[in-house]
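Data block below; observations after.
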Amino acid sequence: MAGPLIPSWLPDHHPFYVSPPTARRIRRVFKPNRIFLNIPYASRYSNLEVAVLSTATAYDLHPCMAKERSKLEIRMRKIGELVLTCKYGFTDLSYATRMNMPFELGVLLAWGKETFVITSHPSRTIKSLSDLNFGDIEFHRRSVELLIEKFSRWIERAATAKRLTSATLLTRYRRWQAFRRSLGGDFDRLTPAQLANVVGVAEDEFSVRFSESGS
Amino acid sequence: MSDLTSVARRLEREVGLPAADAKRIARKLNKLAASVSWATPVAEKDEEHRKARVRAKVVTRKSSKAHTAKKR
């Protein structure tokens with residue numbers, strides 16, 4: 001797929017209607033390395049969030065999340081627009097009681113985005129979402145190491161020719177955690193795309209070696 | 001050589017942060033860089049700024065001497 005999909009067939013009363021200015025914005029923002037993160041905004045998920053961000057950016061993917069757009073817009077249109085600007089998707093279904101993530105997964109799949117699906121325990125998710133094939137869902141048992149390993153394997157298969165070792169990715173994750181601690185509240189205020197850019201500036205200006213193994 | 005001011009300017013330009021946020025984040029990153037072996041901190045102030053401060057000090061010292069002499 002060279003450019004973004006624009007669902008121009010939807011009528012203007014449809015929740016996912018894309019107006020001509022929005023379509024222009026989607027075409028401008030779309031990049032073949034953008035990945036939509038469909039993950040919970042819970043404090044107990046934050047270590048896994050750092051693992052997702054550090055792994056995605058290690059492969060030069062540009063992460064984006066629904067929280068990074070204006071609150072004034074209709075949420076569903078905002079999510080639709082963000083999904084359309086991405087080529088890939090990441091979904092964590094660990095919080096099966098919340099319907100937002102399965103819903104957004106449906107949007108990602110319907111619009112043909114290559115999507116990595118993971119959950120903490122597969123059996124629980126299969127019970128509540130039996131339409132998904134068991135083989136299509138990975139699980140992490142709330143382990144950062146497992147999440148990094150499975151997500152990186154998927155990225156290397158689906159999105160890039162770049163190859164990184166687990167040790168490199170774990171070092172990167174630990175350094176991202178140090179980065180998160182040092183930024184404090186600013187880390188949560190910044191969008192994933194801004195965090196990726198701050199990391200880029202830090203790598204240049206402070207010769208930060210996020211991925212090199214060592215102490 | 002980079003300094004905190006140029007890092008903050010780059011954060012403003014490339015990340016789209018307001019000036020105050022960019023300065024604060026540059027300072028936090030510098031503190032982190034100074035505390036780990038896998039990064040290198042930058043100078044707090046640039047050379048021009050340091051020279052300007054030295055010049056300002058000299059002027060102050062001269063003017064205070066002149067003031068003391070006048071008093072006498």
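We name chains A, B, ... following the order of the structure tokens; residues begin at 1 in each chain, and ligands are numbered from 1 as shown.
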
Enumerate, in order of chain and increasing residue number, the residues of chain B with an atom no farther than 12 Å from chain A, each with its shortest atom pair and distance in Å to one decimal, counting only C-alpha atoms, as CSV.
```
residue,atom,partner,partner_atom,distance
B:Met1,CA,A:Glu205,CA,9.4
B:Ser2,CA,A:Glu205,CA,6.8
B:Asp3,CA,A:Glu205,CA,8.6
B:Leu4,CA,A:Glu205,CA,9.4
B:Thr5,CA,A:Glu205,CA,11.4
B:Ser6,CA,A:Glu205,CA,9.1
B:Val7,CA,A:Glu205,CA,6.8
B:Ala8,CA,A:Val201,CA,9.8
B:Arg9,CA,A:Val201,CA,10.7
B:Arg10,CA,A:Val201,CA,7.4
B:Leu11,CA,A:Val198,CA,6.8
B:Glu12,CA,A:Val198,CA,10.1
B:Arg13,CA,A:Asn197,CA,10.6
B:Glu14,CA,A:Asn197,CA,7.0
B:Val15,CA,A:Gln194,CA,5.6
B:Gly16,CA,A:Gln194,CA,8.0
B:Leu17,CA,A:Gln194,CA,8.7
B:Pro18,CA,A:Leu190,CA,11.9
B:Asp21,CA,A:Asp186,CA,8.5
B:Ala22,CA,A:Val198,CA,9.8
B:Arg24,CA,A:Leu183,CA,9.1
B:Ile25,CA,A:Leu183,CA,6.8
B:Ala26,CA,A:Ala202,CA,8.7
B:Arg27,CA,A:Leu183,CA,9.6
B:Lys28,CA,A:Ser182,CA,6.1
B:Leu29,CA,A:Ser182,CA,7.0
B:Asn30,CA,A:Phe206,CA,7.4
B:Lys31,CA,A:Ser182,CA,8.0
B:Leu32,CA,A:Ser182,CA,6.3
B:Ala33,CA,A:Phe206,CA,6.5
B:Ala34,CA,A:Phe206,CA,9.3
B:Ser35,CA,A:Ala178,CA,10.3
B:Val36,CA,A:Ser215,CA,8.5
B:Ser37,CA,A:Ser215,CA,7.1
B:Trp38,CA,A:Arg209,CA,5.7
B:Ala39,CA,A:Val208,CA,4.3
B:Thr40,CA,A:Phe206,CA,4.9
B:Pro41,CA,A:Phe206,CA,5.6
B:Val42,CA,A:Phe206,CA,6.6
B:Ala43,CA,A:Phe206,CA,10.4
```

Output file for the selection above: N, CA and C atoms, as a short mmCIF file (atom, residue, chain, number, x, y, z; two decimals), in the first residue's frame:
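As a result, again-v9.cif now contains:
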```cif
data_model
loop_
_atom_site.label_atom_id
_atom_site.label_comp_id
_atom_site.auth_asym_id
_atom_site.auth_seq_id
_atom_site.Cartn_x
_atom_site.Cartn_y
_atom_site.Cartn_z
N MET B 1 30.66 23.37 20.38
CA MET B 1 30.15 22.43 21.39
C MET B 1 28.76 22.84 21.87
N SER B 2 27.91 21.83 22.10
CA SER B 2 26.54 22.12 22.52
C SER B 2 26.47 22.63 23.94
N ASP B 3 25.42 23.34 24.27
CA ASP B 3 25.17 23.77 25.64
C ASP B 3 23.67 23.67 25.87
N LEU B 4 23.26 23.91 27.10
CA LEU B 4 21.85 23.72 27.44
C LEU B 4 20.92 24.59 26.60
N THR B 5 21.37 25.83 26.31
CA THR B 5 20.52 26.74 25.54
C THR B 5 20.27 26.19 24.15
N SER B 6 21.31 25.65 23.51
CA SER B 6 21.11 25.14 22.15
C SER B 6 20.27 23.86 22.17
N VAL B 7 20.41 23.05 23.23
CA VAL B 7 19.59 21.84 23.33
C VAL B 7 18.12 22.25 23.48
N ALA B 8 17.88 23.24 24.35
CA ALA B 8 16.50 23.70 24.57
C ALA B 8 15.91 24.25 23.27
N ARG B 9 16.72 24.99 22.52
CA ARG B 9 16.24 25.54 21.23
C ARG B 9 15.88 24.42 20.26
N ARG B 10 16.71 23.36 20.27
CA ARG B 10 16.44 22.23 19.37
C ARG B 10 15.15 21.51 19.78
N LEU B 11 14.93 21.40 21.11
CA LEU B 11 13.70 20.75 21.57
C LEU B 11 12.48 21.59 21.17
N GLU B 12 12.64 22.90 21.24
CA GLU B 12 11.55 23.80 20.82
C GLU B 12 11.23 23.58 19.35
N ARG B 13 12.30 23.56 18.54
CA ARG B 13 12.16 23.47 17.09
C ARG B 13 11.69 22.08 16.64
N GLU B 14 12.33 21.04 17.16
CA GLU B 14 12.08 19.69 16.61
C GLU B 14 10.95 18.94 17.31
N VAL B 15 10.68 19.28 18.57
CA VAL B 15 9.62 18.57 19.28
C VAL B 15 8.37 19.44 19.37
N GLY B 16 8.54 20.74 19.12
CA GLY B 16 7.40 21.66 19.19
C GLY B 16 7.01 22.01 20.61
N LEU B 17 8.00 22.06 21.51
CA LEU B 17 7.70 22.37 22.91
C LEU B 17 7.76 23.88 23.15
N PRO B 18 6.94 24.38 24.09
CA PRO B 18 7.09 25.79 24.48
C PRO B 18 8.45 26.01 25.13
N ASP B 21 9.09 24.72 28.77
CA ASP B 21 9.12 23.25 28.85
C ASP B 21 10.43 22.71 28.27
N ALA B 22 10.84 23.31 27.14
CA ALA B 22 12.07 22.86 26.48
C ALA B 22 13.28 23.05 27.39
N ARG B 24 13.27 23.26 30.72
CA ARG B 24 13.17 22.34 31.86
C ARG B 24 13.59 20.93 31.45
N ILE B 25 13.11 20.48 30.29
CA ILE B 25 13.44 19.12 29.84
C ILE B 25 14.93 19.01 29.49
N ALA B 26 15.50 20.05 28.90
CA ALA B 26 16.94 20.04 28.58
C ALA B 26 17.74 19.90 29.87
N ARG B 27 17.31 20.64 30.91
CA ARG B 27 18.02 20.57 32.21
C ARG B 27 17.92 19.16 32.81
N LYS B 28 16.71 18.56 32.73
CA LYS B 28 16.52 17.20 33.28
C LYS B 28 17.37 16.18 32.51
N LEU B 29 17.42 16.33 31.19
CA LEU B 29 18.22 15.40 30.38
C LEU B 29 19.71 15.55 30.70
N ASN B 30 20.13 16.80 30.94
CA ASN B 30 21.54 17.02 31.26
C ASN B 30 21.90 16.39 32.60
N LYS B 31 20.96 16.49 33.54
CA LYS B 31 21.17 15.89 34.86
C LYS B 31 21.30 14.37 34.73
N LEU B 32 20.44 13.79 33.90
CA LEU B 32 20.50 12.34 33.67
C LEU B 32 21.84 11.98 33.01
N ALA B 33 22.22 12.76 31.99
CA ALA B 33 23.47 12.48 31.26
C ALA B 33 24.68 12.54 32.19
N ALA B 34 24.61 13.43 33.20
CA ALA B 34 25.73 13.56 34.13
C ALA B 34 25.79 12.40 35.12
N SER B 35 24.67 11.68 35.27
CA SER B 35 24.63 10.64 36.30
C SER B 35 24.81 9.22 35.75
N VAL B 36 24.90 9.06 34.43
CA VAL B 36 25.05 7.71 33.86
C VAL B 36 26.30 7.62 32.98
N SER B 37 26.73 6.37 32.75
CA SER B 37 27.96 6.18 31.98
C SER B 37 27.69 6.15 30.47
N TRP B 38 26.41 6.06 30.09
CA TRP B 38 26.08 5.90 28.67
C TRP B 38 25.62 7.21 28.02
N ALA B 39 25.95 8.33 28.65
CA ALA B 39 25.62 9.64 28.05
C ALA B 39 26.64 10.67 28.51
N THR B 40 26.72 11.79 27.80
CA THR B 40 27.69 12.83 28.13
C THR B 40 26.95 14.15 28.34
N PRO B 41 27.10 14.77 29.49
CA PRO B 41 26.40 16.05 29.71
C PRO B 41 27.00 17.16 28.87
N VAL B 42 26.23 18.23 28.69
CA VAL B 42 26.74 19.40 27.95
C VAL B 42 27.01 20.53 28.95
N ALA B 43 27.68 21.59 28.45
CA ALA B 43 27.97 22.73 29.32
C ALA B 43 26.66 23.42 29.69
#
```

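Comparing the minimum interatomic distances between Thr97 (chain A) and each of A:Ser143, A:Ser128, A:Thr85, A:Thr171, counting only C-alpha atoms, we find that A:Ser128 sits nearest.
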
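Here CA of Pro192 (chain A) and CA of Thr165 (chain A) stand 23.1 Å from one another.
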
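Taking CA of Leu5 (chain A) and CA of Lys78 (chain A) as the two end points, the separation is 15.6 Å.
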
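In this structure, CA of Ile155 (chain A) sits 23.9 Å away from CA of Leu129 (chain A).
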
For this session: May I have all residues of region 71-148 of chain A that DSSP, computed from the backbone, assigns to alpha helix (DSSP H), given as number ranges by chain?
Result: A: 75-84, 100-110, 122-128, 144-148

For this session: Would you please give, as a VMD selection string, all residues of region 17-132 of chain A that DSSP assigns to strand (DSSP E or B) based on the backbone?
Result: chain A and resid 34 to 38 62 to 64 88 to 92 114 to 119
